$ cat work10.txt   # compact mmCIF, C-alpha atoms
# COMPACT_ATOMS: atom_id res chain seq x y z
CA MET A 189 -33.28 -64.71 43.14
CA ASP A 190 -33.99 -62.77 46.33
CA SER A 191 -30.69 -61.87 47.98
CA SER A 192 -32.17 -62.71 51.38
CA LEU A 193 -32.45 -66.31 50.25
CA GLY A 194 -28.73 -66.70 50.87
CA LEU A 195 -29.16 -66.14 54.61
CA GLU A 196 -31.78 -68.87 54.85
CA ILE A 197 -29.76 -71.25 52.70
CA ILE A 198 -26.93 -70.94 55.22
CA GLU A 199 -29.31 -72.13 57.94
CA VAL A 200 -30.35 -75.07 55.76
CA VAL A 201 -26.81 -76.46 55.56
CA GLU A 202 -26.09 -75.56 59.19
CA GLN A 203 -29.04 -77.57 60.47
CA ALA A 204 -28.09 -80.55 58.31
CA ALA A 205 -24.50 -80.41 59.55
CA ILE A 206 -25.47 -80.17 63.22
CA ALA A 207 -27.84 -83.12 62.95
CA SER A 208 -25.26 -85.28 61.20
CA ALA A 209 -22.40 -84.27 63.52
CA ARG A 210 -24.24 -85.80 66.48
CA TRP A 211 -23.49 -89.17 64.84
CA MET A 212 -19.83 -88.45 64.20
CA GLY A 213 -17.63 -91.41 65.07
CA LYS A 214 -20.49 -93.80 65.84
CA GLY A 215 -20.00 -95.99 62.78
CA GLU A 216 -23.55 -95.34 61.54
CA LYS A 217 -23.15 -93.76 58.12
CA ASN A 218 -26.78 -94.34 57.06
CA THR A 219 -28.10 -92.70 60.21
CA ALA A 220 -25.70 -89.77 59.82
CA ASP A 221 -27.11 -89.25 56.33
CA GLU A 222 -30.77 -89.75 57.28
CA VAL A 223 -30.77 -87.16 60.06
CA ALA A 224 -29.00 -84.67 57.78
CA VAL A 225 -31.66 -85.20 55.10
CA GLU A 226 -34.48 -84.72 57.59
CA ALA A 227 -32.98 -81.55 59.06
CA MET A 228 -32.21 -80.06 55.64
CA ARG A 229 -35.70 -80.76 54.32
CA GLU A 230 -37.41 -79.40 57.44
CA ARG A 231 -35.55 -76.08 57.27
CA MET A 232 -35.90 -75.84 53.49
CA ASN A 233 -39.67 -76.17 53.75
CA LYS A 234 -39.81 -73.03 55.91
CA ILE A 235 -38.37 -70.83 53.17
CA HIS A 236 -40.65 -68.67 51.01
CA MET A 237 -39.65 -70.22 47.70
CA ARG A 238 -40.79 -72.58 44.98
CA GLY A 239 -38.02 -75.16 44.91
CA ARG A 240 -37.54 -78.43 43.06
CA ILE A 241 -34.88 -81.04 43.80
CA VAL A 242 -32.95 -81.86 40.61
CA ILE A 243 -30.09 -83.66 42.35
CA GLY A 244 -30.94 -85.35 45.62
CA GLU A 245 -31.03 -88.57 47.56
CA GLY A 246 -31.72 -90.85 44.60
CA GLU A 247 -34.23 -91.56 41.89
CA ARG A 248 -37.92 -91.03 42.61
CA ASP A 249 -39.38 -93.51 45.12
CA GLU A 250 -35.93 -94.76 46.17
CA ALA A 251 -35.63 -92.08 48.85
CA PRO A 252 -38.48 -90.79 51.04
CA MET A 253 -37.17 -87.22 51.28
CA LEU A 254 -35.25 -84.82 49.03
CA TYR A 255 -35.71 -87.22 46.14
CA ILE A 256 -35.28 -86.05 42.57
CA GLY A 257 -38.37 -84.11 41.55
CA GLU A 258 -39.58 -83.34 45.07
CA GLU A 259 -40.96 -79.82 45.54
CA VAL A 260 -39.77 -77.92 48.59
CA GLY A 261 -40.47 -74.55 50.17
CA ILE A 262 -43.54 -72.95 51.70
CA CYS A 263 -44.78 -71.82 48.31
CA THR A 264 -45.09 -75.39 47.01
CA ARG A 265 -47.65 -76.35 49.67
CA GLU A 266 -51.33 -76.77 48.84
CA ASP A 267 -52.14 -73.84 51.12
CA ALA A 268 -49.31 -71.70 49.73
CA SER A 269 -51.66 -68.80 48.98
CA GLN A 270 -51.93 -68.16 52.73
CA PHE A 271 -48.21 -67.42 52.93
CA CYS A 272 -47.19 -65.99 49.56
CA ASN A 273 -48.14 -65.43 45.96
CA PRO A 274 -46.51 -68.42 44.24
CA ASP A 275 -46.87 -66.87 40.80
CA GLU A 276 -44.60 -64.00 41.75
CA LEU A 277 -41.72 -66.21 42.85
CA VAL A 278 -38.96 -67.52 40.60
CA GLU A 279 -38.92 -71.29 40.37
CA ILE A 280 -35.67 -72.63 41.81
CA ASP A 281 -33.74 -75.81 41.01
CA ILE A 282 -31.80 -77.29 43.92
CA ALA A 283 -28.96 -79.81 44.08
CA VAL A 284 -28.30 -81.24 47.54
CA ASP A 285 -25.94 -83.54 49.35
CA PRO A 286 -26.98 -83.26 53.01
CA CYS A 287 -24.03 -85.36 54.18
CA GLU A 288 -21.23 -85.39 51.65
CA GLY A 289 -18.87 -88.03 52.98
CA THR A 290 -21.06 -90.28 55.12
CA ASN A 291 -18.15 -92.61 55.84
CA LEU A 292 -16.09 -89.64 56.99
CA VAL A 293 -18.74 -88.79 59.58
CA ALA A 294 -19.25 -92.39 60.64
CA TYR A 295 -15.55 -92.93 61.33
CA GLY A 296 -14.70 -89.48 62.63
CA GLN A 297 -12.55 -88.48 59.68
CA ASN A 298 -11.99 -85.03 58.22
CA GLY A 299 -13.68 -83.50 55.20
CA SER A 300 -17.42 -84.12 55.49
CA MET A 301 -19.90 -81.31 54.93
CA ALA A 302 -23.54 -80.52 54.21
CA VAL A 303 -23.78 -78.92 50.80
CA LEU A 304 -26.23 -77.58 48.23
CA ALA A 305 -26.41 -75.45 45.10
CA ILE A 306 -29.36 -73.51 43.72
CA SER A 307 -30.23 -71.66 40.54
CA GLU A 308 -33.34 -70.61 38.66
CA LYS A 309 -35.33 -73.37 36.93
CA GLY A 310 -33.20 -75.15 34.34
CA GLY A 311 -29.99 -73.65 35.68
CA LEU A 312 -28.46 -76.88 37.00
CA PHE A 313 -27.62 -79.97 34.96
CA ALA A 314 -29.77 -82.87 36.16
CA ALA A 315 -26.97 -85.42 36.32
CA PRO A 316 -27.93 -89.10 36.56
CA ASP A 317 -26.66 -91.32 39.37
CA PHE A 318 -23.63 -92.20 37.29
CA TYR A 319 -19.99 -91.39 37.74
CA MET A 320 -18.04 -88.51 36.25
CA LYS A 321 -14.44 -87.96 35.24
CA LYS A 322 -13.45 -84.62 36.77
CA LEU A 323 -10.77 -82.01 36.47
CA ALA A 324 -10.63 -79.03 38.80
CA ALA A 325 -7.87 -76.42 38.83
CA PRO A 326 -7.20 -72.84 40.00
CA ALA A 327 -8.70 -69.85 38.19
CA VAL A 328 -5.37 -68.94 36.57
CA ALA A 329 -5.44 -72.29 34.75
CA GLN A 330 -9.01 -71.94 33.50
CA GLY A 331 -9.21 -72.58 29.79
CA HIS A 332 -5.60 -73.78 29.67
CA VAL A 333 -5.88 -77.24 31.23
CA ASP A 334 -8.18 -79.76 29.58
CA ILE A 335 -9.68 -83.02 30.75
CA ASN A 336 -8.73 -84.67 27.46
CA LYS A 337 -5.05 -83.98 28.08
CA SER A 338 -2.90 -86.30 30.14
CA ALA A 339 -2.30 -85.65 33.83
CA THR A 340 1.34 -84.91 32.97
CA GLU A 341 0.37 -82.24 30.43
CA ASN A 342 -2.13 -80.62 32.78
CA LEU A 343 0.36 -80.53 35.64
CA LYS A 344 2.88 -78.79 33.42
CA ILE A 345 0.25 -76.23 32.42
CA ILE A 346 -0.82 -75.60 36.03
CA SER A 347 2.79 -75.17 37.11
CA GLU A 348 3.37 -72.61 34.35
CA CYS A 349 0.12 -70.74 35.11
CA MET A 350 0.93 -70.60 38.82
CA ASN A 351 4.62 -69.88 38.28
CA ARG A 352 5.71 -72.73 40.51
CA SER A 353 7.39 -76.10 39.99
CA ILE A 354 5.43 -79.29 39.44
CA GLU A 355 7.05 -80.66 42.60
CA GLU A 356 5.21 -77.99 44.59
CA LEU A 357 1.78 -79.04 43.29
CA VAL A 358 -0.66 -81.21 45.25
CA VAL A 359 -3.31 -83.22 43.42
CA VAL A 360 -6.30 -84.75 45.20
CA VAL A 361 -7.41 -88.16 43.95
CA MET A 362 -10.07 -90.51 45.30
CA ASP A 363 -8.43 -93.63 46.74
CA ARG A 364 -9.93 -96.18 44.36
CA PRO A 365 -8.48 -99.11 42.34
CA ARG A 366 -9.51 -97.36 39.10
CA HIS A 367 -7.03 -94.58 39.81
CA LYS A 368 -3.88 -96.69 40.15
CA GLU A 369 -2.43 -95.62 36.79
CA LEU A 370 -3.46 -91.98 37.31
CA ILE A 371 -1.74 -91.85 40.70
CA ASN A 372 1.43 -93.39 39.26
CA GLU A 373 1.46 -90.83 36.42
CA ILE A 374 1.00 -87.87 38.77
CA ARG A 375 3.85 -89.06 40.96
CA ALA A 376 6.06 -89.77 37.96
CA ALA A 377 5.47 -86.21 36.76
CA GLY A 378 6.82 -84.98 40.09
CA ALA A 379 3.65 -83.75 41.80
CA ARG A 380 2.40 -84.89 45.16
CA VAL A 381 -0.82 -86.87 45.64
CA ARG A 382 -3.32 -86.46 48.46
CA LEU A 383 -5.58 -89.50 48.57
CA ILE A 384 -9.10 -89.11 49.97
CA SER A 385 -11.60 -91.83 50.75
CA ASP A 386 -14.72 -89.70 50.16
CA GLY A 387 -15.90 -86.13 49.67
CA ASP A 388 -14.46 -84.68 46.47
CA VAL A 389 -16.66 -81.53 46.45
CA SER A 390 -14.45 -79.92 49.08
CA ALA A 391 -11.34 -80.94 47.15
CA ALA A 392 -12.65 -79.43 43.91
CA ILE A 393 -13.54 -76.04 45.34
CA SER A 394 -10.35 -75.90 47.41
CA CYS A 395 -8.49 -75.53 44.11
CA ALA A 396 -10.03 -72.07 43.70
CA PHE A 397 -8.82 -70.77 47.09
CA SER A 398 -5.24 -69.67 47.68
CA GLY A 399 -3.51 -71.20 50.69
CA THR A 400 -5.34 -74.54 50.74
CA ASN A 401 -2.31 -76.38 49.30
CA ILE A 402 -4.61 -78.16 46.84
CA HIS A 403 -3.94 -77.34 43.20
CA ALA A 404 -5.97 -79.90 41.26
CA LEU A 405 -8.61 -82.59 41.54
CA MET A 406 -8.32 -85.45 39.07
CA GLY A 407 -10.09 -88.75 38.57
CA ILE A 408 -13.56 -90.25 38.67
CA GLY A 409 -16.19 -89.52 41.31
CA ALA A 410 -19.96 -89.27 41.55
CA ALA A 411 -21.68 -87.22 38.84
CA PRO A 412 -24.24 -85.43 41.06
CA GLU A 413 -21.44 -84.10 43.27
CA GLY A 414 -19.72 -82.97 40.09
CA VAL A 415 -22.61 -80.62 39.34
CA ILE A 416 -22.49 -79.18 42.86
CA SER A 417 -18.73 -78.66 42.53
CA ALA A 418 -19.24 -76.99 39.16
CA ALA A 419 -21.75 -74.55 40.67
CA ALA A 420 -19.18 -73.40 43.22
CA MET A 421 -16.36 -73.25 40.69
CA ARG A 422 -18.51 -71.26 38.27
CA CYS A 423 -19.04 -68.63 40.98
CA LEU A 424 -15.35 -68.63 41.94
CA GLY A 425 -13.98 -68.56 38.40
CA GLY A 426 -12.08 -71.80 38.92
CA HIS A 427 -11.62 -74.43 36.23
CA PHE A 428 -13.97 -77.42 36.27
CA GLN A 429 -14.76 -80.01 33.63
CA GLY A 430 -16.78 -83.20 33.87
CA GLN A 431 -17.45 -86.14 31.57
CA LEU A 432 -20.05 -88.79 32.38
CA ILE A 433 -18.75 -92.33 32.82
CA TYR A 434 -21.27 -94.99 31.86
CA ASP A 435 -19.07 -98.07 31.43
CA PRO A 436 -18.86 -100.31 34.55
CA GLU A 437 -15.48 -101.58 33.34
CA VAL A 438 -14.03 -98.09 33.70
CA VAL A 439 -15.42 -97.41 37.16
CA LYS A 440 -14.82 -100.99 38.40
CA THR A 441 -16.96 -100.53 41.51
CA GLY A 442 -20.23 -98.93 42.46
CA LEU A 443 -21.63 -97.81 39.10
CA ILE A 444 -25.43 -97.86 39.00
CA GLY A 445 -26.65 -99.90 36.04
CA GLU A 446 -25.98 -103.44 34.93
CA SER A 447 -24.25 -102.84 31.63
CA ARG A 448 -22.66 -100.27 29.35
CA GLU A 449 -25.47 -100.70 26.82
CA GLY A 450 -28.16 -100.30 29.47
CA ASN A 451 -26.54 -97.15 30.80
CA LEU A 452 -26.28 -95.67 27.31
CA ALA A 453 -29.98 -96.35 26.76
CA ARG A 454 -30.78 -94.66 30.06
CA LEU A 455 -28.80 -91.57 29.09
CA LYS A 456 -30.65 -91.38 25.78
CA GLU A 457 -33.99 -91.54 27.62
CA MET A 458 -32.81 -88.55 29.67
CA GLY A 459 -32.15 -86.57 26.51
CA ILE A 460 -28.36 -86.92 26.62
CA ASP A 461 -27.52 -87.74 22.99
CA ASP A 462 -23.76 -87.32 23.31
CA PRO A 463 -22.73 -89.48 26.29
CA ASP A 464 -19.04 -88.63 25.84
CA ARG A 465 -19.51 -84.87 25.91
CA VAL A 466 -17.20 -82.88 28.14
CA TYR A 467 -19.07 -80.29 30.21
CA ASN A 468 -17.54 -77.19 31.74
CA ALA A 469 -18.71 -75.33 34.83
CA ASP A 470 -20.84 -72.90 32.83
CA GLU A 471 -22.71 -75.81 31.24
CA LEU A 472 -23.21 -77.83 34.43
CA ALA A 473 -24.36 -74.71 36.30
CA SER A 474 -25.75 -72.58 33.49
CA GLY A 475 -28.24 -70.43 35.41
CA LYS A 476 -28.08 -66.65 35.42
CA ASP A 477 -27.76 -66.67 39.22
CA VAL A 478 -26.04 -69.53 41.04
CA LEU A 479 -25.68 -69.93 44.79
CA PHE A 480 -23.54 -72.50 46.60
CA ALA A 481 -23.61 -73.19 50.33
CA ALA A 482 -21.76 -75.65 52.55
CA CYS A 483 -21.29 -76.24 56.27
CA GLY A 484 -18.54 -78.37 57.76
CA ILE A 485 -19.65 -81.49 59.61
CA THR A 486 -16.15 -82.70 60.41
CA PRO A 487 -13.06 -80.45 60.12
CA GLY A 488 -11.86 -79.86 56.57
CA THR A 489 -9.52 -77.83 54.39
CA LEU A 490 -11.95 -74.93 54.07
CA MET A 491 -14.13 -75.11 57.17
CA GLU A 492 -14.13 -76.31 60.74
CA GLY A 493 -16.54 -79.05 61.69
CA VAL A 494 -19.44 -78.72 64.12
CA ARG A 495 -18.24 -78.12 67.69
CA PHE A 496 -20.65 -78.80 70.54
CA PHE A 497 -20.49 -77.17 73.95
CA ALA A 498 -22.79 -76.93 76.94
CA GLY A 499 -26.01 -75.40 75.66
CA GLY A 500 -25.13 -74.96 72.01
CA SER A 501 -22.85 -75.55 69.05
CA ARG A 502 -20.59 -73.63 66.72
CA THR A 503 -20.49 -74.04 62.95
CA GLN A 504 -18.50 -72.66 60.06
CA SER A 505 -20.16 -72.27 56.67
CA LEU A 506 -19.28 -71.04 53.21
CA ILE A 507 -21.69 -69.33 50.83
CA ILE A 508 -20.66 -68.39 47.31
CA SER A 509 -22.80 -66.24 45.01
CA SER A 510 -22.46 -65.50 41.31
CA GLN A 511 -24.89 -62.63 41.78
CA SER A 512 -22.90 -60.70 44.39
CA LYS A 513 -19.56 -62.18 43.29
CA THR A 514 -18.67 -63.03 46.88
CA ALA A 515 -17.45 -65.99 48.89
CA ARG A 516 -18.35 -65.57 52.55
CA PHE A 517 -17.21 -67.69 55.47
CA VAL A 518 -19.79 -67.57 58.24
CA ASP A 519 -19.00 -68.47 61.86
CA THR A 520 -22.19 -69.13 63.82
CA ILE A 521 -23.07 -69.84 67.43
CA HIS A 522 -26.27 -71.88 67.79
CA MET A 523 -27.93 -71.45 71.17
CA PHE A 524 -29.83 -74.53 72.31
CA ALA A 525 -30.18 -73.16 75.85
CA GLU A 526 -30.71 -69.69 77.29
CA PRO A 527 -27.79 -67.39 76.34
CA LYS A 528 -26.82 -66.84 79.99
CA ALA A 529 -26.13 -70.55 80.31
CA LEU A 530 -23.74 -70.70 77.37
CA GLN A 531 -20.10 -71.45 77.94
CA LEU A 532 -18.22 -70.76 74.71
CA ARG A 533 -15.15 -72.95 74.62

$ encode --input "work10.txt" --output "structure tokens"
Amino acid sequence: MDSSLGLEIIEVVEQAAIASARWMGKGEKNTADEVAVEAMRERMNKIHMRGRIVIGEGERDEAPMLYIGEEVGICTREDASQFCNPDELVEIDIAVDPCEGTNLVAYGQNGSMAVLAISEKGGLFAAPDFYMKKLAAPAVAQGHVDINKSATENLKIISECMNRSIEELVVVVMDRPRHKELINEIRAAGARVRLISDGDVSAAISCAFSGTNIHALMGIGAAPEGVISAAAMRCLGGHFQGQLIYDPEVVKTGLIGESREGNLARLKEMGIDDPDRVYNADELASGKDVLFAACGITPGTLMEGVRFFAGGSRTQSLIISSQSKTARFVDTIHMFAEPKALQLR
């Protein structure tokens, strides 16, 4: 992929974050998501690329924009030949979550961000709108922890790999009824639990950064976000595993699909013959080149949220590349008015 694409991808998540942040604290989660989708799509369609949404706002025809299968970028237009030579461009698969943590934005809570991952065609696992059991851990624990082991076993392994006591570890878990036993086990093992209401992508990738005071993500969350997390963790060298959850009895709330049998049939139609397979980061984001980008909407562990001031706004973004082997934090001033009128505060 063209290295300059990274600069434009930053602007894609920035524009989505700014649009959504205008609805922070207004109690309108659907609107916060809709404006982020519109802003992300508008900026994405100005990029000289041939992109296809593989993880987006829902199944085809259920969402008007950034739906699964939608083509984006200037070079997917009917008049593309006026702007570029489409045949010379690598086809790109894109996974997006324009407003990860809509409830967080709606109620003015921390941890929401605009996020996406890209790779060459076929480089991202096209996860269904199911749920996924996840395990994220620091790079030093990669290949040592395992999603099939108990939380107690994995905490012991992480503590040994990091040369610190279990009591010093912090595990992020989604605050859901299905996690009651998991939370009790983590606490019984001696570790501390940080409960979050939404937004487990940030929690997953925080495991790969020193100083975040997050050492593991455990539990069940949305599968599409699992793929996006895996893309970042693949670039960072962190540990990530995911296993699709298709049984409504396991999830208890919110699983798409009416029955276990129906969900299994749907997975088979998608070409997933082993529904219980455990995927690692390299399998969920298998492309030769993988790029991850995020921009804070509300303040979080890794990034500040959007801050508005007279005549502009300030954002903080993160872009991670497997190609350049870098993780860059980008602080940007967006000038809505003439520069002389800006008052940076």

$ closest_residue --input "work10.txt" --among "A:Ala396, A:Val438, A:Ile306, A:Ala339" --to "Pro326 of chain A" --atoms "only C-alpha atoms"
A:Ala396

$ residues_around --input "work10.txt" --residues "segment 330-337 of chain A" --least-positions-apart "2" --cutoff "10 Å" --atoms "only C-alpha atoms" --output "tab-separated table (two decimals) with C-alpha atoms, keeping the file's coordinate frame"
chain	number	residue	atom	x	y	z
A	321	LYS	CA	-14.44	-87.96	35.24
A	322	LYS	CA	-13.45	-84.62	36.77
A	323	LEU	CA	-10.77	-82.01	36.47
A	324	ALA	CA	-10.63	-79.03	38.80
A	325	ALA	CA	-7.87	-76.42	38.83
A	326	PRO	CA	-7.20	-72.84	40.00
A	327	ALA	CA	-8.70	-69.85	38.19
A	328	VAL	CA	-5.37	-68.94	36.57
A	339	ALA	CA	-2.30	-85.65	33.83
A	340	THR	CA	1.34	-84.91	32.97
A	341	GLU	CA	0.37	-82.24	30.43
A	342	ASN	CA	-2.13	-80.62	32.78
A	343	LEU	CA	0.36	-80.53	35.64
A	344	LYS	CA	2.88	-78.79	33.42
A	345	ILE	CA	0.25	-76.23	32.42
A	346	ILE	CA	-0.82	-75.60	36.03
A	349	CYS	CA	0.12	-70.74	35.11
A	406	MET	CA	-8.32	-85.45	39.07
A	407	GLY	CA	-10.09	-88.75	38.57
A	425	GLY	CA	-13.98	-68.56	38.40
A	426	GLY	CA	-12.08	-71.80	38.92
A	427	HIS	CA	-11.62	-74.43	36.23
A	428	PHE	CA	-13.97	-77.42	36.27
A	429	GLN	CA	-14.76	-80.01	33.63
A	430	GLY	CA	-16.78	-83.20	33.87
A	431	GLN	CA	-17.45	-86.14	31.57
A	466	VAL	CA	-17.20	-82.88	28.14
A	467	TYR	CA	-19.07	-80.29	30.21
A	468	ASN	CA	-17.54	-77.19	31.74

$ atom_distance --input "work10.txt" --atom1 "atom CA of Ala207 of chain A" --atom2 "atom CA of Ala224 of chain A"
5.5 Å

$ atom_distance --input "work10.txt" --atom1 "atom CA of Gly310 of chain A" --atom2 "atom CA of Asp281 of chain A"
6.7 Å

$ residues_near_point --input "work10.txt" --point "(-11.0, -62.3, 49.6)" --cutoff "12 Å" --atoms "only C-alpha atoms" --output "mmCIF file with C-alpha atoms, in the frame of the given file"
data_model
loop_
_atom_site.group_PDB
_atom_site.id
_atom_site.type_symbol
_atom_site.label_atom_id
_atom_site.label_comp_id
_atom_site.auth_asym_id
_atom_site.auth_seq_id
_atom_site.Cartn_x
_atom_site.Cartn_y
_atom_site.Cartn_z
ATOM 1 C CA ALA A 396 -10.030 -72.070 43.700
ATOM 2 C CA PHE A 397 -8.820 -70.770 47.090
ATOM 3 C CA SER A 398 -5.240 -69.670 47.680
ATOM 4 C CA GLY A 399 -3.510 -71.200 50.690
ATOM 5 C CA LEU A 424 -15.350 -68.630 41.940
ATOM 6 C CA ILE A 508 -20.660 -68.390 47.310
ATOM 7 C CA LYS A 513 -19.560 -62.180 43.290
ATOM 8 C CA THR A 514 -18.670 -63.030 46.880
ATOM 9 C CA ALA A 515 -17.450 -65.990 48.890
ATOM 10 C CA ARG A 516 -18.350 -65.570 52.550
ATOM 11 C CA PHE A 517 -17.210 -67.690 55.470
#

$ atom_distance --input "work10.txt" --atom1 "atom CA of Cys423 of chain A" --atom2 "atom CA of Ser510 of chain A"
4.6 Å

$ residues_around --input "work10.txt" --residues "Ser394 of chain A" --least-positions-apart "6" --cutoff "9 Å" --atoms "all atoms listed in the file" --output "JSON, numbers by chain"
{"A": [325, 326, 400, 401, 402, 403, 404, 489, 490]}

$ closest_atom_pairs --input "work10.txt" --of "segment 300-397 of chain A" --to "segment 456-463 of chain A" --cutoff "10 Å" --atoms "all atoms listed in the file" --output "tab-separated table"
residue	atom	partner	partner_atom	distance
A:Ala314	CA	A:Met458	CA	9.1
A:Ala315	CA	A:Met458	CA	9.4
A:Pro316	CA	A:Met458	CA	8.5

$ closest_residue --input "work10.txt" --among "A:Asp470, A:Ser347, A:Ile374, A:Arg382" --to "Met421 of chain A" --atoms "all atoms listed in the file"
A:Asp470

$ closest_residue --input "work10.txt" --among "A:Ile280, A:Ile241, A:Thr290, A:Glu258" --to "Glu222 of chain A" --atoms "all atoms listed in the file"
A:Thr290

$ residues_near_point --input "work10.txt" --point "(-26.1, -71.9, 45.5)" --cutoff "6 Å" --atoms "all atoms listed in the file" --output "ChimeraX atom specification"
/A:305-306,478-481

$ write_last_selection --input "work10.txt" --atoms "C-alpha atoms" --output "PDB file, in the frame of the given file"
ATOM      1  CA  ALA A 305     -26.410 -75.450  45.100  1.00  0.00           C
ATOM      2  CA  ILE A 306     -29.360 -73.510  43.720  1.00  0.00           C
ATOM      3  CA  VAL A 478     -26.040 -69.530  41.040  1.00  0.00           C
ATOM      4  CA  LEU A 479     -25.680 -69.930  44.790  1.00  0.00           C
ATOM      5  CA  PHE A 480     -23.540 -72.500  46.600  1.00  0.00           C
ATOM      6  CA  ALA A 481     -23.610 -73.190  50.330  1.00  0.00           C
TER       7      ALA A 481
END

$ closest_residue --input "work10.txt" --among "A:Glu369, A:Gly500, A:Ala220, A:Asp388" --to "Met523 of chain A" --atoms "all atoms listed in the file"
A:Gly500

$ closest_residue --input "work10.txt" --among "A:Glu216, A:Glu356, A:Glu199, A:Glu266" --to "Glu230 of chain A" --atoms "all atoms listed in the file"
A:Glu199

$ build_atoms --input "work10.txt" --residues "segment 190-204 of chain A" --atoms "N, CA, C and O atoms" --output "PDB file, in the coordinates of the input"
ATOM      1  N   ASP A 190     -34.017 -63.701  45.217  1.00  0.00           N
ATOM      2  CA  ASP A 190     -33.990 -62.770  46.330  1.00  0.00           C
ATOM      3  C   ASP A 190     -32.675 -62.932  47.085  1.00  0.00           C
ATOM      4  O   ASP A 190     -32.291 -64.028  47.470  1.00  0.00           O
ATOM      5  N   SER A 191     -31.976 -61.798  47.301  1.00  0.00           N
ATOM      6  CA  SER A 191     -30.690 -61.870  47.980  1.00  0.00           C
ATOM      7  C   SER A 191     -30.803 -62.387  49.407  1.00  0.00           C
ATOM      8  O   SER A 191     -29.852 -62.952  49.952  1.00  0.00           O
ATOM      9  N   SER A 192     -31.976 -62.220  50.023  1.00  0.00           N
ATOM     10  CA  SER A 192     -32.170 -62.710  51.380  1.00  0.00           C
ATOM     11  C   SER A 192     -32.212 -64.232  51.445  1.00  0.00           C
ATOM     12  O   SER A 192     -32.056 -64.824  52.518  1.00  0.00           O
ATOM     13  N   LEU A 193     -32.410 -64.844  50.289  1.00  0.00           N
ATOM     14  CA  LEU A 193     -32.450 -66.310  50.250  1.00  0.00           C
ATOM     15  C   LEU A 193     -31.128 -66.897  50.725  1.00  0.00           C
ATOM     16  O   LEU A 193     -31.100 -67.968  51.347  1.00  0.00           O
ATOM     17  N   GLY A 194     -30.039 -66.202  50.460  1.00  0.00           N
ATOM     18  CA  GLY A 194     -28.730 -66.700  50.870  1.00  0.00           C
ATOM     19  C   GLY A 194     -28.620 -66.919  52.363  1.00  0.00           C
ATOM     20  O   GLY A 194     -28.012 -67.895  52.815  1.00  0.00           O
ATOM     21  N   LEU A 195     -29.212 -66.013  53.155  1.00  0.00           N
ATOM     22  CA  LEU A 195     -29.160 -66.140  54.610  1.00  0.00           C
ATOM     23  C   LEU A 195     -29.883 -67.399  55.068  1.00  0.00           C
ATOM     24  O   LEU A 195     -29.433 -68.108  55.982  1.00  0.00           O
ATOM     25  N   GLU A 196     -31.017 -67.690  54.446  1.00  0.00           N
ATOM     26  CA  GLU A 196     -31.780 -68.870  54.850  1.00  0.00           C
ATOM     27  C   GLU A 196     -31.113 -70.152  54.366  1.00  0.00           C
ATOM     28  O   GLU A 196     -31.180 -71.185  55.039  1.00  0.00           O
ATOM     29  N   ILE A 197     -30.458 -70.084  53.203  1.00  0.00           N
ATOM     30  CA  ILE A 197     -29.760 -71.250  52.700  1.00  0.00           C
ATOM     31  C   ILE A 197     -28.614 -71.644  53.627  1.00  0.00           C
ATOM     32  O   ILE A 197     -28.321 -72.831  53.812  1.00  0.00           O
ATOM     33  N   ILE A 198     -27.969 -70.643  54.243  1.00  0.00           N
ATOM     34  CA  ILE A 198     -26.930 -70.940  55.220  1.00  0.00           C
ATOM     35  C   ILE A 198     -27.507 -71.770  56.358  1.00  0.00           C
ATOM     36  O   ILE A 198     -26.915 -72.764  56.801  1.00  0.00           O
ATOM     37  N   GLU A 199     -28.689 -71.383  56.847  1.00  0.00           N
ATOM     38  CA  GLU A 199     -29.310 -72.130  57.940  1.00  0.00           C
ATOM     39  C   GLU A 199     -29.686 -73.539  57.522  1.00  0.00           C
ATOM     40  O   GLU A 199     -29.663 -74.468  58.332  1.00  0.00           O
ATOM     41  N   VAL A 200     -30.014 -73.733  56.253  1.00  0.00           N
ATOM     42  CA  VAL A 200     -30.350 -75.070  55.760  1.00  0.00           C
ATOM     43  C   VAL A 200     -29.157 -76.014  55.915  1.00  0.00           C
ATOM     44  O   VAL A 200     -29.281 -77.122  56.442  1.00  0.00           O
ATOM     45  N   VAL A 201     -27.973 -75.577  55.467  1.00  0.00           N
ATOM     46  CA  VAL A 201     -26.810 -76.460  55.560  1.00  0.00           C
ATOM     47  C   VAL A 201     -26.312 -76.565  57.005  1.00  0.00           C
ATOM     48  O   VAL A 201     -25.795 -77.614  57.412  1.00  0.00           O
ATOM     49  N   GLU A 202     -26.496 -75.495  57.777  1.00  0.00           N
ATOM     50  CA  GLU A 202     -26.090 -75.560  59.190  1.00  0.00           C
ATOM     51  C   GLU A 202     -26.895 -76.611  59.945  1.00  0.00           C
ATOM     52  O   GLU A 202     -26.328 -77.415  60.699  1.00  0.00           O
ATOM     53  N   GLN A 203     -28.201 -76.614  59.747  1.00  0.00           N
ATOM     54  CA  GLN A 203     -29.040 -77.570  60.470  1.00  0.00           C
ATOM     55  C   GLN A 203     -28.735 -79.001  60.054  1.00  0.00           C
ATOM     56  O   GLN A 203     -28.739 -79.920  60.881  1.00  0.00           O
ATOM     57  N   ALA A 204     -28.459 -79.215  58.779  1.00  0.00           N
ATOM     58  CA  ALA A 204     -28.090 -80.550  58.310  1.00  0.00           C
ATOM     59  C   ALA A 204     -26.775 -80.990  58.939  1.00  0.00           C
ATOM     60  O   ALA A 204     -26.626 -82.146  59.375  1.00  0.00           O
TER      61      ALA A 204
END
